[in-house]
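Text of my_file14.txt, listed as compact mmCIF, C-alpha atoms and all ligand atoms:
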```
# COMPACT_ATOMS: atom_id res chain seq x y z
CA MET A 1 0.00 0.00 0.00
CA THR A 2 1.42 3.42 -0.92
CA LYS A 3 1.93 5.86 1.88
CA LEU A 4 -0.31 8.88 2.23
CA ARG A 5 1.40 12.27 2.24
CA TRP A 6 1.11 14.32 5.42
CA GLY A 7 1.82 17.91 6.39
CA MET A 8 1.74 19.81 9.63
CA ILE A 9 1.06 23.41 10.66
CA GLY A 10 2.17 24.46 14.15
CA GLY A 11 3.75 22.01 16.56
CA GLY A 12 7.16 23.62 16.23
CA GLU A 13 10.26 22.95 18.32
CA GLY A 14 9.41 22.99 22.03
CA SER A 15 5.65 22.88 21.49
CA GLN A 16 3.55 20.64 23.66
CA ILE A 17 1.57 18.66 21.09
CA GLY A 18 3.88 18.69 18.06
CA PRO A 19 5.94 15.58 18.95
CA ALA A 20 2.84 13.47 19.65
CA HIS A 21 1.55 14.19 16.13
CA ARG A 22 4.87 13.40 14.50
CA LEU A 23 5.16 10.13 16.44
CA GLY A 24 1.49 9.30 15.93
CA ALA A 25 1.26 10.02 12.22
CA GLN A 26 4.37 8.03 11.39
CA ALA A 27 3.93 5.14 13.85
CA ASP A 28 2.22 2.72 11.48
CA GLY A 29 3.77 3.58 8.14
CA ASN A 30 0.54 5.06 6.80
CA PHE A 31 1.85 8.60 6.34
CA SER A 32 5.08 10.16 5.17
CA PHE A 33 5.90 13.62 6.50
CA GLU A 34 6.29 15.79 3.39
CA ALA A 35 5.45 19.43 4.15
CA ALA A 36 5.31 21.75 7.13
CA ALA A 37 4.84 25.29 8.45
CA LEU A 38 5.79 24.52 12.02
CA ASP A 39 6.38 27.79 13.79
CA VAL A 40 4.98 31.29 14.22
CA ASP A 41 8.54 32.43 13.43
CA PRO A 42 9.05 31.63 9.71
CA GLU A 43 12.82 31.12 9.91
CA LYS A 44 12.58 28.85 12.95
CA GLY A 45 9.78 26.90 11.25
CA ARG A 46 11.73 26.40 8.03
CA ALA A 47 14.89 25.36 9.86
CA TYR A 48 13.12 22.95 12.20
CA ALA A 49 11.16 21.34 9.37
CA GLN A 50 14.38 20.69 7.46
CA SER A 51 15.99 19.25 10.59
CA LEU A 52 13.10 16.75 10.61
CA GLY A 53 13.82 15.75 7.01
CA ILE A 54 11.40 17.98 5.09
CA ALA A 55 12.74 19.09 1.68
CA PRO A 56 13.73 22.80 1.62
CA ASP A 57 11.02 23.70 -0.93
CA ARG A 58 8.31 22.21 1.34
CA ALA A 59 9.62 23.68 4.60
CA TYR A 60 7.32 26.67 4.55
CA GLY A 61 7.46 29.92 6.52
CA ASN A 62 3.73 30.08 7.20
CA TRP A 63 0.48 28.26 6.37
CA GLN A 64 -0.48 30.60 3.51
CA GLU A 65 2.81 29.79 1.76
CA MET A 66 2.18 26.09 2.44
CA LEU A 67 -1.33 26.21 0.95
CA ALA A 68 -0.08 28.03 -2.15
CA GLY A 69 2.87 25.66 -2.49
CA GLU A 70 0.93 22.44 -1.98
CA LYS A 71 -2.38 22.94 -3.73
CA ASP A 72 -1.21 22.48 -7.33
CA ARG A 73 1.54 19.95 -6.76
CA PRO A 74 0.87 16.53 -8.31
CA ASP A 75 2.34 15.01 -5.14
CA ARG A 76 0.49 17.32 -2.81
CA ILE A 77 -0.20 16.27 0.76
CA ASP A 78 -3.32 14.19 1.45
CA LEU A 79 -3.78 15.28 5.05
CA VAL A 80 -2.81 18.37 7.01
CA THR A 81 -2.68 18.58 10.80
CA VAL A 82 -3.45 21.95 12.36
CA ALA A 83 -1.63 22.18 15.72
CA THR A 84 -1.39 25.94 16.16
CA PRO A 85 -2.93 27.95 19.03
CA ASN A 86 -6.72 27.99 19.08
CA ALA A 87 -7.51 31.34 17.43
CA THR A 88 -5.96 30.23 14.14
CA HIS A 89 -7.71 26.84 13.81
CA PHE A 90 -10.79 28.09 11.97
CA GLU A 91 -9.14 30.04 9.17
CA ILE A 92 -6.47 27.41 8.52
CA THR A 93 -8.91 24.48 8.61
CA LYS A 94 -11.38 26.32 6.38
CA ALA A 95 -8.71 27.28 3.83
CA PHE A 96 -7.35 23.72 3.55
CA LEU A 97 -10.78 22.06 3.40
CA ASP A 98 -11.77 24.58 0.70
CA ALA A 99 -8.70 23.58 -1.30
CA GLY A 100 -9.70 19.91 -1.05
CA PHE A 101 -7.33 18.67 1.66
CA HIS A 102 -8.33 16.35 4.50
CA VAL A 103 -7.72 18.02 7.87
CA LEU A 104 -6.98 16.86 11.41
CA CYS A 105 -7.57 19.91 13.58
CA GLU A 106 -6.50 20.29 17.18
CA LYS A 107 -9.15 21.08 19.74
CA PRO A 108 -10.94 23.41 20.17
CA MET A 109 -11.81 23.29 16.47
CA THR A 110 -13.02 26.91 16.35
CA MET A 111 -13.60 29.90 18.62
CA THR A 112 -17.34 30.32 17.93
CA VAL A 113 -20.35 28.10 17.30
CA GLU A 114 -20.98 29.82 13.96
CA GLU A 115 -17.46 28.99 12.79
CA GLY A 116 -17.98 25.40 13.92
CA GLU A 117 -21.17 25.13 11.89
CA GLU A 118 -19.34 26.54 8.88
CA ILE A 119 -16.63 23.85 9.18
CA VAL A 120 -19.24 21.08 9.49
CA ARG A 121 -21.01 22.34 6.34
CA LEU A 122 -17.75 22.76 4.47
CA ALA A 123 -16.61 19.23 5.29
CA GLU A 124 -19.97 17.97 4.03
CA SER A 125 -19.97 20.02 0.83
CA THR A 126 -16.34 19.28 -0.07
CA GLY A 127 -16.57 15.62 0.92
CA ARG A 128 -13.29 16.03 2.81
CA ILE A 129 -12.63 14.54 6.23
CA CYS A 130 -12.33 17.03 9.05
CA ALA A 131 -11.35 15.18 12.21
CA VAL A 132 -10.64 16.73 15.60
CA ASN A 133 -7.89 15.40 17.83
CA TYR A 134 -9.89 14.11 20.79
CA CYS A 135 -7.13 11.58 21.20
CA TYR A 136 -8.19 10.27 24.63
CA SER A 137 -11.10 8.58 22.88
CA ALA A 138 -8.55 6.44 21.02
CA TYR A 139 -7.07 4.70 24.05
CA PRO A 140 -7.92 0.98 23.90
CA MET A 141 -9.44 0.87 27.40
CA VAL A 142 -11.66 3.87 26.63
CA ARG A 143 -12.90 1.97 23.57
CA GLN A 144 -13.49 -1.04 25.82
CA MET A 145 -15.65 1.04 28.15
CA ARG A 146 -17.58 2.49 25.22
CA ALA A 147 -18.25 -0.99 23.84
CA MET A 148 -19.34 -2.24 27.28
CA VAL A 149 -21.82 0.63 27.66
CA ALA A 150 -23.15 0.09 24.13
CA LYS A 151 -23.66 -3.65 24.79
CA GLY A 152 -25.53 -2.98 28.01
CA GLU A 153 -22.87 -4.56 30.24
CA ILE A 154 -23.39 -1.96 32.97
CA GLY A 155 -27.12 -1.52 32.34
CA ALA A 156 -28.76 1.84 31.77
CA VAL A 157 -26.30 4.60 32.68
CA ARG A 158 -27.39 6.75 35.58
CA CYS A 159 -24.46 9.12 35.99
CA VAL A 160 -21.09 10.05 34.48
CA VAL A 161 -18.38 11.96 36.38
CA ALA A 162 -15.41 13.40 34.47
CA ASN A 163 -12.46 15.44 35.70
CA PHE A 164 -9.67 17.18 33.85
CA SER A 165 -7.94 19.02 36.64
CA HIS A 166 -4.21 19.62 36.95
CA GLY A 167 -1.98 22.08 38.76
CA HIS A 168 0.29 23.21 35.94
CA HIS A 169 -0.88 26.83 35.91
CA ALA A 170 -0.97 27.22 39.67
CA ALA A 171 2.07 29.54 39.71
CA GLY A 172 -0.02 32.25 38.03
CA ASP A 173 3.06 33.69 36.25
CA ASP A 174 1.34 33.58 32.85
CA ASP A 175 3.27 36.49 31.31
CA ALA A 176 6.56 34.72 31.92
CA ASN A 177 5.46 31.59 30.02
CA PRO A 178 4.52 31.91 26.33
CA ARG A 179 2.88 28.45 26.37
CA VAL A 180 0.55 29.49 29.19
CA ARG A 181 0.02 33.16 28.30
CA TRP A 182 -2.15 32.58 25.21
CA ARG A 183 -4.40 30.16 27.06
CA TYR A 184 -5.80 33.00 29.25
CA ASP A 185 -5.73 35.77 26.64
CA PRO A 186 -9.25 36.21 25.19
CA ALA A 187 -7.79 37.45 21.90
CA GLN A 188 -6.02 34.11 21.44
CA ALA A 189 -8.07 31.65 23.51
CA GLY A 190 -11.60 32.98 22.96
CA VAL A 191 -14.36 33.21 25.57
CA SER A 192 -13.06 30.44 27.80
CA GLY A 193 -9.77 29.36 29.36
CA GLN A 194 -9.70 25.95 31.01
CA MET A 195 -13.15 24.79 29.88
CA ALA A 196 -12.16 25.26 26.21
CA ASP A 197 -8.63 23.94 26.77
CA CYS A 198 -9.22 20.81 28.85
CA GLY A 199 -12.88 20.64 29.90
CA ILE A 200 -13.93 19.78 26.36
CA HIS A 201 -11.66 16.71 26.32
CA ALA A 202 -13.46 15.36 29.39
CA LEU A 203 -16.87 16.29 28.03
CA HIS A 204 -16.12 14.65 24.70
CA LEU A 205 -14.92 11.54 26.52
CA ALA A 206 -18.18 11.39 28.48
CA SER A 207 -20.27 11.67 25.29
CA PHE A 208 -18.02 9.21 23.49
CA ILE A 209 -18.20 6.50 26.14
CA LEU A 210 -21.93 6.96 26.70
CA GLY A 211 -22.77 7.13 22.97
CA ASP A 212 -24.95 10.07 23.96
CA GLU A 213 -24.68 13.84 23.57
CA VAL A 214 -24.80 16.72 26.03
CA ARG A 215 -28.16 18.49 25.90
CA SER A 216 -28.07 21.12 28.66
CA LEU A 217 -25.71 22.35 31.34
CA SER A 218 -25.21 24.63 34.31
CA ALA A 219 -21.75 26.07 35.00
CA ASP A 220 -19.80 27.81 37.73
CA PHE A 221 -16.57 29.47 36.51
CA ALA A 222 -13.82 30.95 38.65
CA SER A 223 -10.57 32.81 37.93
CA THR A 224 -8.76 31.82 41.08
CA VAL A 225 -5.61 33.66 39.94
CA SER A 226 -7.02 37.15 40.04
CA ALA A 227 -5.02 38.57 37.12
CA ARG A 228 -6.63 36.05 34.77
CA VAL A 229 -9.55 37.27 32.66
CA LEU A 230 -10.59 33.75 31.70
CA GLU A 231 -11.56 30.95 34.08
CA ASP A 232 -8.95 28.58 35.48
CA ASP A 233 -11.46 26.42 37.36
CA ALA A 234 -14.95 25.30 36.34
CA MET A 235 -17.63 23.01 37.69
CA VAL A 236 -20.25 21.97 35.16
CA ASN A 237 -23.38 19.92 35.74
CA PHE A 238 -24.97 18.53 32.61
CA ARG A 239 -27.70 16.29 31.27
CA THR A 240 -27.46 14.18 28.13
CA GLU A 241 -30.05 13.63 25.42
CA LYS A 242 -30.98 10.33 27.10
CA GLY A 243 -31.29 12.04 30.50
CA THR A 244 -28.06 10.78 32.08
CA VAL A 245 -26.73 12.97 34.90
CA GLY A 246 -23.29 14.42 34.18
CA ARG A 247 -20.69 16.09 36.43
CA LEU A 248 -17.51 17.74 35.17
CA TRP A 249 -14.72 19.46 37.11
CA THR A 250 -11.84 21.08 35.24
CA SER A 251 -9.05 23.14 36.76
CA THR A 252 -5.48 24.34 36.20
CA ILE A 253 -4.64 25.22 39.79
CA ALA A 254 -5.20 21.74 41.29
CA LEU A 255 -1.75 21.15 42.78
CA GLY A 256 -1.37 17.51 43.72
CA ARG A 257 -3.04 16.33 40.53
CA MET A 258 -0.67 15.74 37.63
CA HIS A 259 -2.47 15.24 34.30
CA GLY A 260 -5.79 14.81 36.02
CA LEU A 261 -8.09 13.39 33.32
CA ASP A 262 -10.32 10.63 34.65
CA ILE A 263 -13.83 9.40 34.12
CA GLN A 264 -16.33 7.18 35.92
CA VAL A 265 -19.56 5.80 34.51
CA PHE A 266 -22.23 4.48 36.86
CA GLY A 267 -24.85 2.14 35.40
CA GLU A 268 -27.72 0.24 36.99
CA THR A 269 -25.79 -3.04 37.02
CA GLY A 270 -22.15 -1.97 36.93
CA GLY A 271 -19.61 0.83 37.12
CA LEU A 272 -16.47 1.70 35.12
CA ARG A 273 -13.47 3.89 35.84
CA TRP A 274 -10.47 5.02 33.74
CA ALA A 275 -7.69 7.57 34.26
CA SER A 276 -5.26 8.91 31.66
CA GLU A 277 -2.35 8.48 34.07
CA GLN A 278 -2.92 4.70 34.16
CA PRO A 279 -4.31 4.35 30.65
CA ASN A 280 -3.66 0.62 30.28
CA GLN A 281 -6.16 -0.36 32.96
CA ALA A 282 -9.87 0.21 33.41
CA TYR A 283 -11.80 -0.72 36.53
CA TYR A 284 -15.11 -2.55 36.45
CA GLN A 285 -17.47 -3.52 39.21
CA ARG A 286 -20.60 -5.57 38.61
CA LEU A 287 -23.45 -4.87 41.00
CA GLY A 288 -22.82 -7.12 44.01
CA GLY A 289 -19.32 -8.10 42.83
CA ARG A 290 -15.72 -7.08 43.48
CA VAL A 291 -13.85 -4.40 41.55
CA GLU A 292 -11.99 -6.04 38.63
CA ILE A 293 -9.05 -4.63 36.71
CA MET A 294 -9.30 -4.94 32.95
CA GLU A 295 -5.95 -4.73 31.19
CA LYS A 296 -5.02 -3.44 27.77
CA ALA A 297 -4.24 -6.32 25.35
CA GLU A 298 -5.76 -9.03 27.59
CA SER A 299 -7.84 -11.63 25.82
CA GLY A 300 -11.58 -11.11 25.61
CA LEU A 301 -11.59 -7.35 25.04
CA HIS A 302 -14.20 -6.03 22.66
CA THR A 303 -13.02 -5.87 19.04
CA ASP A 304 -12.75 -2.10 18.85
CA ALA A 305 -10.48 -2.05 21.90
CA ALA A 306 -8.44 -5.08 20.85
CA ARG A 307 -7.68 -3.69 17.38
CA LEU A 308 -6.06 -0.58 18.92
CA CYS A 309 -3.67 -2.49 21.24
CA ARG A 310 -0.12 -2.45 19.81
CA VAL A 311 2.15 -4.34 22.19
CA ALA A 312 1.65 -7.34 24.43
CA ILE A 313 -0.18 -7.26 27.74
CA ALA A 314 1.63 -5.52 30.62
CA HIS A 315 3.86 -3.50 28.29
CA PRO A 316 2.68 0.09 28.67
CA GLU A 317 1.22 2.07 25.79
CA GLY A 318 0.46 5.74 26.13
CA PHE A 319 -0.33 9.12 24.67
CA PRO A 320 1.59 9.07 21.35
CA LEU A 321 0.06 5.69 20.50
CA ALA A 322 -3.43 6.99 21.30
CA VAL A 323 -2.73 9.83 18.84
CA ALA A 324 -1.41 7.17 16.44
CA ASN A 325 -4.77 5.39 16.72
CA ILE A 326 -6.44 8.58 15.46
CA TYR A 327 -4.08 8.52 12.45
CA VAL A 328 -4.77 4.81 11.84
CA ASP A 329 -8.48 5.55 11.50
CA LEU A 330 -7.83 8.68 9.47
CA ALA A 331 -5.68 6.74 7.01
CA ALA A 332 -8.40 4.10 6.69
CA ARG A 333 -11.06 6.74 6.08
CA ILE A 334 -8.90 8.57 3.51
CA ARG A 335 -8.48 5.23 1.73
CA GLY A 336 -12.26 4.85 1.67
CA GLU A 337 -12.72 2.34 4.50
CA ALA A 338 -15.44 2.77 7.13
CA ARG A 339 -14.26 3.46 10.69
CA ASP A 340 -16.38 4.03 13.76
CA GLY A 341 -15.33 6.47 16.45
CA LEU A 342 -13.08 8.95 14.64
CA PRO A 343 -13.79 12.32 16.32
CA SER A 344 -15.35 14.57 13.68
CA ALA A 345 -16.07 18.22 12.94
CA ALA A 346 -19.53 17.60 14.43
CA ASP A 347 -17.82 16.68 17.72
CA GLY A 348 -15.70 19.83 17.46
CA LEU A 349 -18.86 21.87 16.93
CA ARG A 350 -20.66 20.25 19.88
CA SER A 351 -17.69 21.17 22.09
CA MET A 352 -17.84 24.79 20.99
CA ALA A 353 -21.57 24.93 21.69
CA ALA A 354 -20.95 23.47 25.16
CA VAL A 355 -18.15 25.97 25.88
CA HIS A 356 -20.34 28.91 24.89
CA ALA A 357 -23.28 27.50 26.84
CA ALA A 358 -21.04 27.16 29.92
CA VAL A 359 -19.81 30.74 29.58
CA ASP A 360 -23.42 31.92 29.23
CA SER A 361 -24.55 29.87 32.22
CA ALA A 362 -21.63 31.02 34.40
CA ARG A 363 -22.48 34.65 33.59
CA HIS A 364 -26.07 33.99 34.74
CA GLU A 365 -25.34 32.41 38.11
CA GLY A 366 -25.40 28.87 36.83
CA ALA A 367 -28.71 29.01 34.95
CA TRP A 368 -29.41 25.84 32.96
CA VAL A 369 -28.90 26.46 29.25
CA ASP A 370 -29.22 24.48 26.02
CA ALA A 371 -25.75 23.14 25.17
CA ARG A 372 -26.54 21.91 21.65
CA PRO A 373 -25.38 23.68 18.49
CA PRO A 374 -28.36 25.28 16.72
CA MET A 375 -27.92 23.02 13.67
CA PHE A 376 -28.34 19.88 15.83
CA ARG A 377 -31.40 21.01 17.82
P1 LIG B 1 2.36 25.53 22.18
O1 LIG B 1 2.21 26.99 22.54
O2 LIG B 1 3.20 24.63 23.02
O3 LIG B 1 2.93 25.43 20.67
C1 LIG B 1 2.32 26.10 19.59
C2 LIG B 1 3.20 25.92 18.36
O4 LIG B 1 2.52 26.47 17.23
C3 LIG B 1 4.53 26.66 18.46
O5 LIG B 1 5.53 25.87 17.86
C4 LIG B 1 4.29 27.93 17.66
O6 LIG B 1 5.47 28.50 17.12
C5 LIG B 1 3.38 27.40 16.56
N1 LIG B 1 2.55 28.42 15.94
C6 LIG B 1 1.85 29.41 16.54
N2 LIG B 1 1.17 30.12 15.62
C7 LIG B 1 1.46 29.57 14.42
C8 LIG B 1 1.06 29.86 13.09
N3 LIG B 1 0.23 30.86 12.82
N4 LIG B 1 1.55 29.08 12.09
C9 LIG B 1 2.41 28.07 12.35
N5 LIG B 1 2.79 27.74 13.60
C10 LIG B 1 2.34 28.48 14.62
O7 LIG B 1 0.89 25.01 22.04
P2 LIG B 1 0.39 23.50 22.23
O8 LIG B 1 0.19 23.23 23.66
O9 LIG B 1 1.22 22.58 21.42
O10 LIG B 1 -1.08 23.64 21.61
C11 LIG B 1 -1.32 23.75 20.22
C12 LIG B 1 -2.75 23.28 19.96
O11 LIG B 1 -2.86 21.91 20.33
C13 LIG B 1 -3.78 24.04 20.79
O12 LIG B 1 -4.92 24.25 20.01
C14 LIG B 1 -4.08 23.11 21.95
O13 LIG B 1 -5.39 23.29 22.45
C15 LIG B 1 -3.89 21.76 21.30
N6 LIG B 1 -3.47 20.71 22.23
C16 LIG B 1 -4.12 19.51 22.18
C17 LIG B 1 -3.81 18.48 23.01
C18 LIG B 1 -4.56 17.20 22.92
O14 LIG B 1 -4.48 16.40 23.84
N7 LIG B 1 -5.29 16.94 21.85
C19 LIG B 1 -2.74 18.63 24.02
C20 LIG B 1 -2.05 19.90 23.95
C21 LIG B 1 -2.42 20.90 23.10
```
Would you write the structure of this file as structure tokens?
Amino acid sequence: MTKLRWGMIGGGEGSQIGPAHRLGAQADGNFSFEAAALDVDPEKGRAYAQSLGIAPDRAYGNWQEMLAGEKDRPDRIDLVTVATPNATHFEITKAFLDAGFHVLCEKPMTMTVEEGEEIVRLAESTGRICAVNYCYSAYPMVRQMRAMVAKGEIGAVRCVVANFSHGHHAAGDDDANPRVRWRYDPAQAGVSGQMADCGIHALHLASFILGDEVRSLSADFASTVSARVLEDDAMVNFRTEKGTVGRLWTSTIALGRMHGLDIQVFGETGGLRWASEQPNQAYYQRLGGRVEIMEKAESGLHTDAARLCRVAIAHPEGFPLAVANIYVDLAARIRGEARDGLPSAADGLRSMAAVHAAVDSARHEGAWVDARPPMFR
């Protein structure tokens, strides 16, 4: 099978997410890394791309140059990953979809609900794939939990509790750290800080595992570091379309928690628990039974979980391989194969609607508001 050609925008040297994409995209031999505009500084971007093996004429200074350079090439890239700060996602994703490229966009997909709807429509009208990197949904044990819920193995779900709370911005010295500064600057991050940055991962995970969507929510936002305009801590209660009770806590000042993404699902006949810091195990208790540990790559996992396990039982897998699982499904979809579970532009749009609903609710003392995008009501 010939390799697909892949390009990347953002994710330059020293960035947080860049290495995970480069490892993930190239892990299975599906993609070859052919073109890049990696950095906000054109010279640094060109130099770093070439140090990673990109040919000089495809090591671009910015995304506009990359679009112009790629669109008429006979060997143009098949897929572009957008891993720049949030405010740029919409215009870059729109421009590349318009030009007929498949796109994997980092979360949050857009800054507004209207932009999200535009991307969903554009992906539909161009027939291009627009996926969003909700990579936690691609861990094998998350897929196992999703399959167990879908097959009724924990009965009707009563409640889901998700946290994405860490302490990495507890110092409050945002101006001194360029990687933190933009996350609390409304011009670059939008209407929300931590909810848009991390809360949406946990909310997506809840929807993904339940196979159900968020319908309404009530939010309490706090900027516990007083200089911050945007929230660094949020508590969100929600209800799903099927009426399941949802609880979400997301924070950046939670010293003592490290990565801090975990989720529990409580059904009528069983409960499940998973945490990103121990991603190879999920916990399961049947009503009346003991808590059991399910292990990545053990026999008897559901097919969708088993197919995403790479190495033998007890050998850890982790974040870059979860991102790689996103690329495995993207490659399959680009080649015309069906794949369930790839996070889509519709998921990106739902997240934006939930973020804006949470901001609205928090500004109105936690009033319950509709969290669905208008086009899905
Ligand atoms: P970062 O601040 O560490 O790195 C951003 C990189 O993008 C830098 O190399 C910078 O030079 C480059 N850049 C900025 N503007 C650019 C432009 N206009 N054109 C080309 N390159 C540009 O940011 P980080 O943490 O890597 O986040 C990037 C995106 O990835 C964000 O949208 C963030 O929400 C998302 N992210 C997703 C994660 C996930 O688990 N899916 C985890 C971490 C970040």
*Best match for closeness to Ile293 (chain A) among A:Glu268, A:Met141, A:Glu317, A:Ala254, counting all atoms listed in the file*: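 Checking each of A:Glu268, A:Met141, A:Glu317, A:Ala254 against Ile293 (chain A), counting all atoms listed in the file, the winner is A:Met141.
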*Taking (-21.1, 30.1, 33.0) in the file's coordinates, which residues come within 10 Å, counting all atoms listed in the file, written as a list of chain:residue names?*
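Here is the list of nearby residues: A:Ser192, A:Leu217, A:Ser218, A:Ala219, A:Asp220, A:Phe221, A:Ala222, A:Glu231, A:Ala234, A:Met235, A:Val236, A:Val355, A:His356, A:Ala357, A:Ala358, A:Val359, A:Asp360, A:Ser361, A:Ala362, A:Arg363, A:His364, A:Glu365, A:Gly366, A:Ala367, A:Trp368, A:Val369.
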_Site check for ligand LIG 1 (chain B): residues at most 7 Å away, only C-alpha atoms and all ligand atoms, as a PyMOL selection string_ = chain A and resi 9-18+37-41+62-63+83-86+88+106-108+133-135+178-179+197
_Residue nearest Met111 (chain A) among A:Ile313, A:Leu330, A:Ala353, A:Ile154 (counting all atoms listed in the file)_ = A:Ala353
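Reported to one decimal place, the separation of CA of Gly199 (chain A) from CA of Arg257 (chain A) is 15.1 Å.
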_Nearest residue to Val265 (chain A) from the set A:Arg335, A:Arg247, A:Lys71, A:Arg350 (distances using all atoms listed in the file)_ = A:Arg247
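Distance check against Gly53 (chain A) using only C-alpha atoms: of A:Glu118, A:Glu65, A:Asp28, A:Glu34, the minimum falls on A:Glu34.
When the distance limit is 10 Å and only C-alpha atoms are what count, the residues near Leu301 (chain A), minus those fewer than 2 positions from it on the same chain, are A:Pro140, A:Met141, A:Arg143, A:Gln144, A:Met145, A:Ala147, A:Met148, A:Met294, A:Glu295, A:Lys296, A:Ala297, A:Glu298, A:Ser299, A:Thr303, A:Asp304, A:Ala305, A:Ala306, A:Arg307.
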*Could you jot down the CA of Val291 (chain A) to CA of Val214 (chain A) separation for me, Å, one decimal place?*
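Straight-line distance from CA of Val291 (chain A) to CA of Val214 (chain A) works out to 28.4 Å.
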*Within 12 Å of Ala27 (chain A), counting only C-alpha atoms, which residues show up once you throw out same-chain ones fewer than 4 positions away? Write them as an MDAnalysis selection string, please.*
chainID A and resid 19:23 31:33 310 320:328 331
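Once Ala59 (chain A) and its same-chain neighbours fewer than 4 positions away are set aside, Ala35, Ala36, Ala37, Gly45, Arg46, Ala47, Ala49, Gln50, Ile54 and Ala55 of chain A remain within 8 Å of it when counting all atoms listed in the file.
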_Distance criterion (only C-alpha atoms): nearest to Cys309 (chain A) out of A:Ala189, A:Leu230, A:Val142, A:Val225_ =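 Smallest separation from Cys309 (chain A) among the options: A:Val142.
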_Spatial neighbours of Gln285 (chain A), 8 Å, all atoms listed in the file, chain gap at least 3 places, as a PyMOL selection string_ = chain A and resi 270-272+289-292
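Every protein or nucleic acid residue with an atom no more than 9 Å from region 205-212 of chain A, counting only C-alpha atoms and leaving out same-chain residues fewer than 3 positions away, appears here: Tyr134, Tyr136, Ser137, Val142, Arg143, Gln144, Met145, Arg146, Ala147, Met148, Val149, Ala150, Val157, Val160, Val161, Ala162, Ile200, His201, Ala202, Thr240, Glu241, Lys242, Thr244, Gly246, Ile263, Gln264, Val265, Gly341 and Pro343 of chain A.
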Some atoms are absent from region 112-123 of chain A, so rebuild N, CA, C and O atoms and return them as a PDB file, in the frame of the given file.
```
ATOM      1  N   THR A 112     -15.901  30.048  17.796  1.00  0.00           N
ATOM      2  CA  THR A 112     -17.340  30.320  17.930  1.00  0.00           C
ATOM      3  C   THR A 112     -18.151  29.143  17.397  1.00  0.00           C
ATOM      4  O   THR A 112     -17.647  28.316  16.626  1.00  0.00           O
ATOM      5  N   VAL A 113     -19.432  29.138  17.779  1.00  0.00           N
ATOM      6  CA  VAL A 113     -20.350  28.100  17.300  1.00  0.00           C
ATOM      7  C   VAL A 113     -20.595  28.280  15.800  1.00  0.00           C
ATOM      8  O   VAL A 113     -20.636  27.304  15.037  1.00  0.00           O
ATOM      9  N   GLU A 114     -20.725  29.539  15.377  1.00  0.00           N
ATOM     10  CA  GLU A 114     -20.980  29.820  13.960  1.00  0.00           C
ATOM     11  C   GLU A 114     -19.837  29.291  13.085  1.00  0.00           C
ATOM     12  O   GLU A 114     -20.062  28.691  12.037  1.00  0.00           O
ATOM     13  N   GLU A 115     -18.614  29.522  13.547  1.00  0.00           N
ATOM     14  CA  GLU A 115     -17.460  28.990  12.790  1.00  0.00           C
ATOM     15  C   GLU A 115     -17.515  27.464  12.745  1.00  0.00           C
ATOM     16  O   GLU A 115     -17.226  26.855  11.717  1.00  0.00           O
ATOM     17  N   GLY A 116     -17.888  26.861  13.865  1.00  0.00           N
ATOM     18  CA  GLY A 116     -17.980  25.400  13.920  1.00  0.00           C
ATOM     19  C   GLY A 116     -18.997  24.875  12.920  1.00  0.00           C
ATOM     20  O   GLY A 116     -18.755  23.880  12.225  1.00  0.00           O
ATOM     21  N   GLU A 117     -20.133  25.559  12.847  1.00  0.00           N
ATOM     22  CA  GLU A 117     -21.170  25.130  11.890  1.00  0.00           C
ATOM     23  C   GLU A 117     -20.648  25.270  10.454  1.00  0.00           C
ATOM     24  O   GLU A 117     -20.925  24.415   9.596  1.00  0.00           O
ATOM     25  N   GLU A 118     -19.882  26.335  10.225  1.00  0.00           N
ATOM     26  CA  GLU A 118     -19.340  26.540   8.880  1.00  0.00           C
ATOM     27  C   GLU A 118     -18.384  25.394   8.503  1.00  0.00           C
ATOM     28  O   GLU A 118     -18.408  24.890   7.374  1.00  0.00           O
ATOM     29  N   ILE A 119     -17.572  24.963   9.462  1.00  0.00           N
ATOM     30  CA  ILE A 119     -16.630  23.850   9.180  1.00  0.00           C
ATOM     31  C   ILE A 119     -17.414  22.549   8.916  1.00  0.00           C
ATOM     32  O   ILE A 119     -17.087  21.798   7.990  1.00  0.00           O
ATOM     33  N   VAL A 120     -18.443  22.301   9.702  1.00  0.00           N
ATOM     34  CA  VAL A 120     -19.240  21.080   9.490  1.00  0.00           C
ATOM     35  C   VAL A 120     -19.843  21.092   8.079  1.00  0.00           C
ATOM     36  O   VAL A 120     -19.766  20.093   7.340  1.00  0.00           O
ATOM     37  N   ARG A 121     -20.405  22.237   7.686  1.00  0.00           N
ATOM     38  CA  ARG A 121     -21.010  22.340   6.340  1.00  0.00           C
ATOM     39  C   ARG A 121     -19.966  22.196   5.248  1.00  0.00           C
ATOM     40  O   ARG A 121     -20.194  21.540   4.232  1.00  0.00           O
ATOM     41  N   LEU A 122     -18.808  22.808   5.477  1.00  0.00           N
ATOM     42  CA  LEU A 122     -17.750  22.760   4.470  1.00  0.00           C
ATOM     43  C   LEU A 122     -17.225  21.334   4.281  1.00  0.00           C
ATOM     44  O   LEU A 122     -16.985  20.890   3.157  1.00  0.00           O
ATOM     45  N   ALA A 123     -17.066  20.625   5.394  1.00  0.00           N
ATOM     46  CA  ALA A 123     -16.610  19.230   5.290  1.00  0.00           C
ATOM     47  C   ALA A 123     -17.638  18.412   4.504  1.00  0.00           C
ATOM     48  O   ALA A 123     -17.280  17.579   3.670  1.00  0.00           O
TER      49      ALA A 123
END
```
